[in-house]
Amino acid sequence: NLIINETKYTPAINLNAQEGICEFKGKSFPENTFEFYTPVMDWITEYFTVNSQKKITFNFEIIYFNSSSSKALFNLFNLLDKEQKEGKDLEVNWVYDEENDFGEESGEDFKEDFEDLNFNLVKK
């Protein structure tokens with residue numbers, strides 16, 4: 001498992017291999033986005049190698065992110081899209097507060113960019 005505690009600038013991340021649930025919650029505007037998200041990308045890549053038949057669910061409740069985090073999320077969704085096309089059973093839930101237009105619009109944009117990905121918009 002990979003657990004990263006939430007800070008003022010980074011989301012809480014809980015990647016749980018046993019449960020097949022990965023959660024991202026909070027704000028994302030780290031000082032070095034690439035450095036912050038590299039262990040997450042590595043963990044997910046390794047997960048798909050070891051658990052190729054197990055379903056995995058990704059829950060994103062990111063209330064705000066900057067442009068470099070947007071690029072990191074795009075890269076993450078690109079990886080998930082590739083894995084799904086290779087037959088992996090996965091689901092992405094983009095959770096947003098109905099009063100947060102940024103959250104809703106961001107989710108819609110990602111869903112549109114990855115139209116083949118099992119991507120759900122979930123109003124909270």
# chains A, B, ... in the order shown; residues from 1 in each chain; ligands from 1
>>> select_by_dssp(residues="chain A", states="strand (DSSP E or B)", output="short mmCIF file (atom, residue, chain, number, x, y, z; two decimals) with N, CA, C and O atoms, in the first residue's frame")
data_model
loop_
_atom_site.label_atom_id
_atom_site.label_comp_id
_atom_site.auth_asym_id
_atom_site.auth_seq_id
_atom_site.Cartn_x
_atom_site.Cartn_y
_atom_site.Cartn_z
N LEU A 2 0.29 2.30 -0.52
CA LEU A 2 0.99 3.59 -0.50
C LEU A 2 0.05 4.60 0.13
O LEU A 2 -1.08 4.79 -0.34
N ILE A 3 0.51 5.22 1.21
CA ILE A 3 -0.29 6.24 1.90
C ILE A 3 0.53 7.51 1.98
O ILE A 3 1.67 7.50 2.46
N ILE A 4 -0.05 8.59 1.46
CA ILE A 4 0.58 9.92 1.53
C ILE A 4 -0.41 10.82 2.26
O ILE A 4 -1.55 10.97 1.83
N ALA A 12 -4.42 13.97 0.13
CA ALA A 12 -4.24 12.68 0.79
C ALA A 12 -4.38 11.62 -0.29
O ALA A 12 -5.29 11.68 -1.11
N ILE A 13 -3.47 10.67 -0.29
CA ILE A 13 -3.52 9.58 -1.27
C ILE A 13 -3.42 8.27 -0.51
O ILE A 13 -2.51 8.08 0.30
N ASN A 14 -4.38 7.40 -0.76
CA ASN A 14 -4.40 6.08 -0.13
C ASN A 14 -4.60 5.05 -1.23
O ASN A 14 -5.70 4.93 -1.77
N LEU A 15 -3.54 4.34 -1.56
CA LEU A 15 -3.59 3.32 -2.59
C LEU A 15 -3.54 1.97 -1.88
O LEU A 15 -2.51 1.60 -1.31
N ASN A 16 -4.65 1.26 -1.89
CA ASN A 16 -4.78 0.03 -1.12
C ASN A 16 -4.90 -1.17 -2.06
O ASN A 16 -5.95 -1.38 -2.68
N ILE A 21 -8.75 -0.30 -3.93
CA ILE A 21 -9.31 1.06 -3.91
C ILE A 21 -8.18 2.07 -3.76
O ILE A 21 -7.32 1.93 -2.89
N CYS A 22 -8.20 3.07 -4.63
CA CYS A 22 -7.22 4.15 -4.59
C CYS A 22 -7.96 5.47 -4.45
O CYS A 22 -8.83 5.77 -5.26
N GLU A 23 -7.61 6.22 -3.42
CA GLU A 23 -8.32 7.47 -3.15
C GLU A 23 -7.36 8.65 -3.15
O GLU A 23 -6.27 8.58 -2.59
N PHE A 24 -7.84 9.73 -3.78
CA PHE A 24 -7.12 10.99 -3.85
C PHE A 24 -8.08 12.06 -3.34
O PHE A 24 -9.17 12.21 -3.90
N LYS A 25 -7.69 12.78 -2.30
CA LYS A 25 -8.63 13.73 -1.71
C LYS A 25 -7.91 14.98 -1.22
O LYS A 25 -6.94 14.88 -0.48
N GLY A 26 -8.40 16.15 -1.66
CA GLY A 26 -7.84 17.41 -1.19
C GLY A 26 -7.43 18.32 -2.33
O GLY A 26 -7.96 18.24 -3.44
N LYS A 27 -6.46 19.19 -2.05
CA LYS A 27 -5.94 20.13 -3.04
C LYS A 27 -4.62 19.61 -3.57
O LYS A 27 -3.91 18.90 -2.88
N SER A 28 -4.31 20.00 -4.80
CA SER A 28 -3.05 19.55 -5.40
C SER A 28 -2.35 20.71 -6.10
O SER A 28 -2.69 21.07 -7.22
N ILE A 56 -9.98 -2.67 -9.80
CA ILE A 56 -9.49 -1.57 -8.98
C ILE A 56 -10.33 -0.32 -9.25
O ILE A 56 -10.71 -0.05 -10.39
N THR A 57 -10.64 0.38 -8.18
CA THR A 57 -11.45 1.60 -8.26
C THR A 57 -10.61 2.78 -7.81
O THR A 57 -9.94 2.73 -6.77
N PHE A 58 -10.68 3.86 -8.60
CA PHE A 58 -9.97 5.10 -8.28
C PHE A 58 -11.01 6.17 -7.96
O PHE A 58 -11.87 6.47 -8.79
N ASN A 59 -10.93 6.73 -6.76
CA ASN A 59 -11.83 7.80 -6.34
C ASN A 59 -11.02 9.09 -6.21
O ASN A 59 -10.07 9.16 -5.42
N PHE A 60 -11.40 10.09 -6.99
CA PHE A 60 -10.73 11.39 -6.97
C PHE A 60 -11.70 12.43 -6.42
O PHE A 60 -12.77 12.63 -6.98
N GLU A 61 -11.31 13.06 -5.33
CA GLU A 61 -12.08 14.18 -4.79
C GLU A 61 -11.11 15.34 -4.61
O GLU A 61 -10.77 15.75 -3.51
N ILE A 62 -10.66 15.84 -5.75
CA ILE A 62 -9.67 16.93 -5.78
C ILE A 62 -10.44 18.24 -5.93
O ILE A 62 -11.05 18.50 -6.97
N ILE A 63 -10.43 19.05 -4.89
CA ILE A 63 -11.25 20.26 -4.91
C ILE A 63 -10.58 21.42 -5.65
O ILE A 63 -11.25 22.33 -6.12
N TYR A 64 -9.26 21.37 -5.76
CA TYR A 64 -8.53 22.38 -6.52
C TYR A 64 -7.20 21.79 -6.95
O TYR A 64 -6.58 21.03 -6.20
N PHE A 65 -6.75 22.13 -8.16
CA PHE A 65 -5.41 21.75 -8.60
C PHE A 65 -4.89 22.79 -9.57
O PHE A 65 -5.65 23.47 -10.25
N LEU A 90 -11.12 -1.66 -14.34
CA LEU A 90 -10.96 -0.51 -13.46
C LEU A 90 -12.10 0.49 -13.64
O LEU A 90 -12.80 0.48 -14.65
N GLU A 91 -12.25 1.31 -12.63
CA GLU A 91 -13.30 2.33 -12.62
C GLU A 91 -12.71 3.59 -12.01
O GLU A 91 -11.96 3.53 -11.03
N VAL A 92 -13.07 4.73 -12.58
CA VAL A 92 -12.64 6.02 -12.07
C VAL A 92 -13.88 6.81 -11.67
O VAL A 92 -14.82 6.96 -12.46
N ASN A 93 -13.88 7.29 -10.43
CA ASN A 93 -14.97 8.14 -9.94
C ASN A 93 -14.39 9.52 -9.63
O ASN A 93 -13.49 9.65 -8.79
N TRP A 94 -14.91 10.52 -10.32
CA TRP A 94 -14.50 11.91 -10.07
C TRP A 94 -15.61 12.52 -9.22
O TRP A 94 -16.71 12.80 -9.70
N VAL A 95 -15.33 12.71 -7.94
CA VAL A 95 -16.31 13.20 -6.98
C VAL A 95 -16.15 14.72 -6.85
O VAL A 95 -15.05 15.22 -6.66
N TYR A 96 -17.27 15.42 -6.98
CA TYR A 96 -17.22 16.88 -6.88
C TYR A 96 -18.41 17.40 -6.08
O TYR A 96 -19.47 16.79 -6.05
N PHE A 119 -15.18 6.19 -16.65
CA PHE A 119 -15.00 7.42 -15.88
C PHE A 119 -16.38 7.95 -15.49
O PHE A 119 -17.20 8.27 -16.35
N ASN A 120 -16.63 8.03 -14.18
CA ASN A 120 -17.93 8.48 -13.67
C ASN A 120 -17.80 9.84 -12.98
O ASN A 120 -16.87 10.05 -12.21
N LEU A 121 -18.76 10.71 -13.25
CA LEU A 121 -18.87 11.97 -12.51
C LEU A 121 -19.86 11.74 -11.38
O LEU A 121 -20.98 11.32 -11.61
N VAL A 122 -19.40 12.01 -10.15
CA VAL A 122 -20.23 11.73 -8.97
C VAL A 122 -20.44 13.02 -8.19
O VAL A 122 -19.49 13.58 -7.63
N LYS A 123 -21.69 13.50 -8.20
CA LYS A 123 -22.01 14.72 -7.45
C LYS A 123 -22.16 14.36 -5.98
O LYS A 123 -22.82 13.39 -5.63
#
>>> residues_around(residues="Phe110 in chain A", least_positions_apart="3", cutoff="10 Å", atoms="only C-alpha atoms", output="list in words")
Ser70, Leu73, Phe74, Phe77, Asn78, Trp94, Glu105, Ser106, Gly107, Asp113, Phe114, Glu115, Leu117, Phe119 and Leu121 of chain A
>>> write_last_selection(atoms="N, CA, C and O atoms", output="CSV table (one decimal), in the first residue's frame")
chain,number,residue,atom,x,y,z
A,70,SER,N,-2.7,19.3,-13.1
A,70,SER,CA,-3.6,18.9,-14.2
A,70,SER,C,-2.8,18.0,-15.2
A,70,SER,O,-3.3,17.0,-15.6
A,73,LEU,N,-2.4,14.6,-13.5
A,73,LEU,CA,-3.6,13.9,-13.5
A,73,LEU,C,-3.9,13.4,-14.9
A,73,LEU,O,-4.4,12.2,-15.1
A,74,PHE,N,-3.6,14.2,-15.9
A,74,PHE,CA,-3.8,13.8,-17.3
A,74,PHE,C,-2.9,12.5,-17.6
A,74,PHE,O,-3.4,11.6,-18.2
A,77,PHE,N,-4.5,9.5,-15.8
A,77,PHE,CA,-5.7,9.0,-16.6
A,77,PHE,C,-5.2,8.3,-17.9
A,77,PHE,O,-5.8,7.4,-18.3
A,78,ASN,N,-4.2,8.9,-18.5
A,78,ASN,CA,-3.7,8.2,-19.7
A,78,ASN,C,-3.2,6.8,-19.4
A,78,ASN,O,-3.4,5.9,-20.2
A,94,TRP,N,-14.9,10.5,-10.3
A,94,TRP,CA,-14.5,11.9,-10.1
A,94,TRP,C,-15.6,12.5,-9.2
A,94,TRP,O,-16.7,12.8,-9.7
A,105,GLU,N,-16.4,21.0,-13.8
A,105,GLU,CA,-15.9,21.2,-15.1
A,105,GLU,C,-14.6,20.4,-15.4
A,105,GLU,O,-14.4,19.9,-16.5
A,106,SER,N,-13.8,20.3,-14.4
A,106,SER,CA,-12.5,19.6,-14.5
A,106,SER,C,-12.9,18.1,-14.8
A,106,SER,O,-12.2,17.5,-15.7
A,107,GLY,N,-13.8,17.6,-14.0
A,107,GLY,CA,-14.2,16.2,-14.2
A,107,GLY,C,-14.8,16.0,-15.6
A,107,GLY,O,-14.4,15.0,-16.3
A,113,ASP,N,-11.7,13.9,-22.4
A,113,ASP,CA,-10.4,13.6,-23.0
A,113,ASP,C,-10.2,12.0,-23.0
A,113,ASP,O,-9.4,11.6,-23.9
A,114,PHE,N,-10.8,11.3,-22.1
A,114,PHE,CA,-10.6,9.9,-22.0
A,114,PHE,C,-12.0,9.2,-22.2
A,114,PHE,O,-12.5,8.5,-21.2
A,115,GLU,N,-12.6,9.3,-23.3
A,115,GLU,CA,-14.0,8.9,-23.5
A,115,GLU,C,-14.1,7.4,-23.4
A,115,GLU,O,-15.2,6.8,-23.2
A,117,LEU,N,-12.4,5.5,-21.2
A,117,LEU,CA,-12.1,5.1,-19.8
A,117,LEU,C,-13.4,5.0,-19.1
A,117,LEU,O,-14.3,5.9,-19.2
A,119,PHE,N,-15.2,6.2,-16.6
A,119,PHE,CA,-15.0,7.4,-15.9
A,119,PHE,C,-16.4,7.9,-15.5
A,119,PHE,O,-17.2,8.3,-16.3
A,121,LEU,N,-18.8,10.7,-13.3
A,121,LEU,CA,-18.9,12.0,-12.5
A,121,LEU,C,-19.9,11.7,-11.4
A,121,LEU,O,-21.0,11.3,-11.6
>>> atom_distance(atom1="CA of Ser52 in chain A", atom2="CA of Lys88 in chain A")
6.4 Å
>>> residues_around(residues="Ala72 in chain A", least_positions_apart="2", cutoff="8 Å", atoms="only C-alpha atoms", output="ChimeraX atom specification")
/A:33-34,37,68-70,74-76
>>> write_last_selection(atoms="all heavy atoms", output="PDB file, in the first residue's frame")
ATOM      1  N   THR A  33       5.569  18.975  -8.680  1.00  0.00           N
ATOM      2  CA  THR A  33       4.490  18.043  -9.013  1.00  0.00           C
ATOM      3  C   THR A  33       5.030  16.713  -9.507  1.00  0.00           C
ATOM      4  O   THR A  33       4.549  15.654  -9.104  1.00  0.00           O
ATOM      5  CB  THR A  33       3.566  18.671 -10.071  1.00  0.00           C
ATOM      6  OG1 THR A  33       3.093  19.923  -9.565  1.00  0.00           O
ATOM      7  CG2 THR A  33       2.385  17.784 -10.363  1.00  0.00           C
ATOM      8  N   PHE A  34       6.022  16.737 -10.383  1.00  0.00           N
ATOM      9  CA  PHE A  34       6.581  15.506 -10.918  1.00  0.00           C
ATOM     10  C   PHE A  34       7.112  14.622  -9.792  1.00  0.00           C
ATOM     11  O   PHE A  34       6.837  13.427  -9.731  1.00  0.00           O
ATOM     12  CB  PHE A  34       7.696  15.830 -11.920  1.00  0.00           C
ATOM     13  CG  PHE A  34       8.369  14.613 -12.486  1.00  0.00           C
ATOM     14  CD1 PHE A  34       7.753  13.865 -13.484  1.00  0.00           C
ATOM     15  CD2 PHE A  34       9.604  14.208 -12.012  1.00  0.00           C
ATOM     16  CE1 PHE A  34       8.367  12.727 -13.996  1.00  0.00           C
ATOM     17  CE2 PHE A  34      10.212  13.075 -12.520  1.00  0.00           C
ATOM     18  CZ  PHE A  34       9.598  12.331 -13.513  1.00  0.00           C
ATOM     19  N   TYR A  37       4.129  13.092  -7.673  1.00  0.00           N
ATOM     20  CA  TYR A  37       3.301  12.063  -8.293  1.00  0.00           C
ATOM     21  C   TYR A  37       4.077  10.852  -8.824  1.00  0.00           C
ATOM     22  O   TYR A  37       3.463   9.829  -9.136  1.00  0.00           O
ATOM     23  CB  TYR A  37       2.425  12.667  -9.403  1.00  0.00           C
ATOM     24  CG  TYR A  37       1.212  13.370  -8.845  1.00  0.00           C
ATOM     25  CD1 TYR A  37       1.170  14.752  -8.718  1.00  0.00           C
ATOM     26  CD2 TYR A  37       0.099  12.649  -8.426  1.00  0.00           C
ATOM     27  CE1 TYR A  37       0.056  15.394  -8.188  1.00  0.00           C
ATOM     28  CE2 TYR A  37      -1.018  13.278  -7.895  1.00  0.00           C
ATOM     29  CZ  TYR A  37      -1.029  14.652  -7.784  1.00  0.00           C
ATOM     30  OH  TYR A  37      -2.131  15.278  -7.246  1.00  0.00           O
ATOM     31  N   SER A  68       0.199  22.324 -13.321  1.00  0.00           N
ATOM     32  CA  SER A  68       1.147  21.202 -13.344  1.00  0.00           C
ATOM     33  C   SER A  68       0.497  19.947 -12.757  1.00  0.00           C
ATOM     34  O   SER A  68       0.776  18.829 -13.206  1.00  0.00           O
ATOM     35  CB  SER A  68       2.451  21.543 -12.622  1.00  0.00           C
ATOM     36  OG  SER A  68       2.218  21.850 -11.276  1.00  0.00           O
ATOM     37  N   SER A  69      -0.397  20.099 -11.793  1.00  0.00           N
ATOM     38  CA  SER A  69      -1.140  18.945 -11.275  1.00  0.00           C
ATOM     39  C   SER A  69      -2.120  18.434 -12.321  1.00  0.00           C
ATOM     40  O   SER A  69      -2.365  17.227 -12.416  1.00  0.00           O
ATOM     41  CB  SER A  69      -1.893  19.313  -9.997  1.00  0.00           C
ATOM     42  OG  SER A  69      -1.003  19.547  -8.944  1.00  0.00           O
ATOM     43  N   SER A  70      -2.676  19.339 -13.116  1.00  0.00           N
ATOM     44  CA  SER A  70      -3.567  18.932 -14.197  1.00  0.00           C
ATOM     45  C   SER A  70      -2.819  18.026 -15.172  1.00  0.00           C
ATOM     46  O   SER A  70      -3.348  16.997 -15.606  1.00  0.00           O
ATOM     47  CB  SER A  70      -4.095  20.170 -14.930  1.00  0.00           C
ATOM     48  OG  SER A  70      -4.873  19.795 -16.037  1.00  0.00           O
ATOM     49  N   PHE A  74      -3.634  14.188 -15.906  1.00  0.00           N
ATOM     50  CA  PHE A  74      -3.808  13.760 -17.293  1.00  0.00           C
ATOM     51  C   PHE A  74      -2.940  12.531 -17.569  1.00  0.00           C
ATOM     52  O   PHE A  74      -3.392  11.552 -18.162  1.00  0.00           O
ATOM     53  CB  PHE A  74      -3.458  14.909 -18.245  1.00  0.00           C
ATOM     54  CG  PHE A  74      -3.731  14.596 -19.685  1.00  0.00           C
ATOM     55  CD1 PHE A  74      -4.963  14.891 -20.241  1.00  0.00           C
ATOM     56  CD2 PHE A  74      -2.759  13.998 -20.480  1.00  0.00           C
ATOM     57  CE1 PHE A  74      -5.229  14.591 -21.581  1.00  0.00           C
ATOM     58  CE2 PHE A  74      -3.011  13.698 -21.810  1.00  0.00           C
ATOM     59  CZ  PHE A  74      -4.258  13.999 -22.358  1.00  0.00           C
ATOM     60  N   ASN A  75      -1.684  12.572 -17.131  1.00  0.00           N
ATOM     61  CA  ASN A  75      -0.779  11.441 -17.322  1.00  0.00           C
ATOM     62  C   ASN A  75      -1.287  10.198 -16.585  1.00  0.00           C
ATOM     63  O   ASN A  75      -1.194   9.082 -17.108  1.00  0.00           O
ATOM     64  CB  ASN A  75       0.633  11.784 -16.849  1.00  0.00           C
ATOM     65  CG  ASN A  75       1.317  12.785 -17.751  1.00  0.00           C
ATOM     66  OD1 ASN A  75       0.927  12.984 -18.894  1.00  0.00           O
ATOM     67  ND2 ASN A  75       2.339  13.448 -17.227  1.00  0.00           N
ATOM     68  N   LEU A  76      -1.832  10.404 -15.405  1.00  0.00           N
ATOM     69  CA  LEU A  76      -2.391   9.291 -14.635  1.00  0.00           C
ATOM     70  C   LEU A  76      -3.587   8.683 -15.359  1.00  0.00           C
ATOM     71  O   LEU A  76      -3.673   7.464 -15.518  1.00  0.00           O
ATOM     72  CB  LEU A  76      -2.789   9.773 -13.239  1.00  0.00           C
ATOM     73  CG  LEU A  76      -3.501   8.769 -12.343  1.00  0.00           C
ATOM     74  CD1 LEU A  76      -2.688   7.503 -12.156  1.00  0.00           C
ATOM     75  CD2 LEU A  76      -3.796   9.403 -10.998  1.00  0.00           C
TER      76      LEU A  76
END
>>> residues_around(residues="Lys54 in chain A", least_positions_apart="5", cutoff="12 Å", atoms="only C-alpha atoms", output="list of chain:residue names")
A:Ala17, A:Gln18, A:Glu19, A:Gly20, A:Ile21, A:Tyr47, A:Phe48, A:Thr49, A:Gln84, A:Gly87, A:Lys88, A:Asp89, A:Leu90, A:Glu91
>>> select_by_dssp(residues="range 11-121 of chain A", states="alpha helix (DSSP H)", output="number ranges by chain")
A: 33-50, 67-85, 101-113
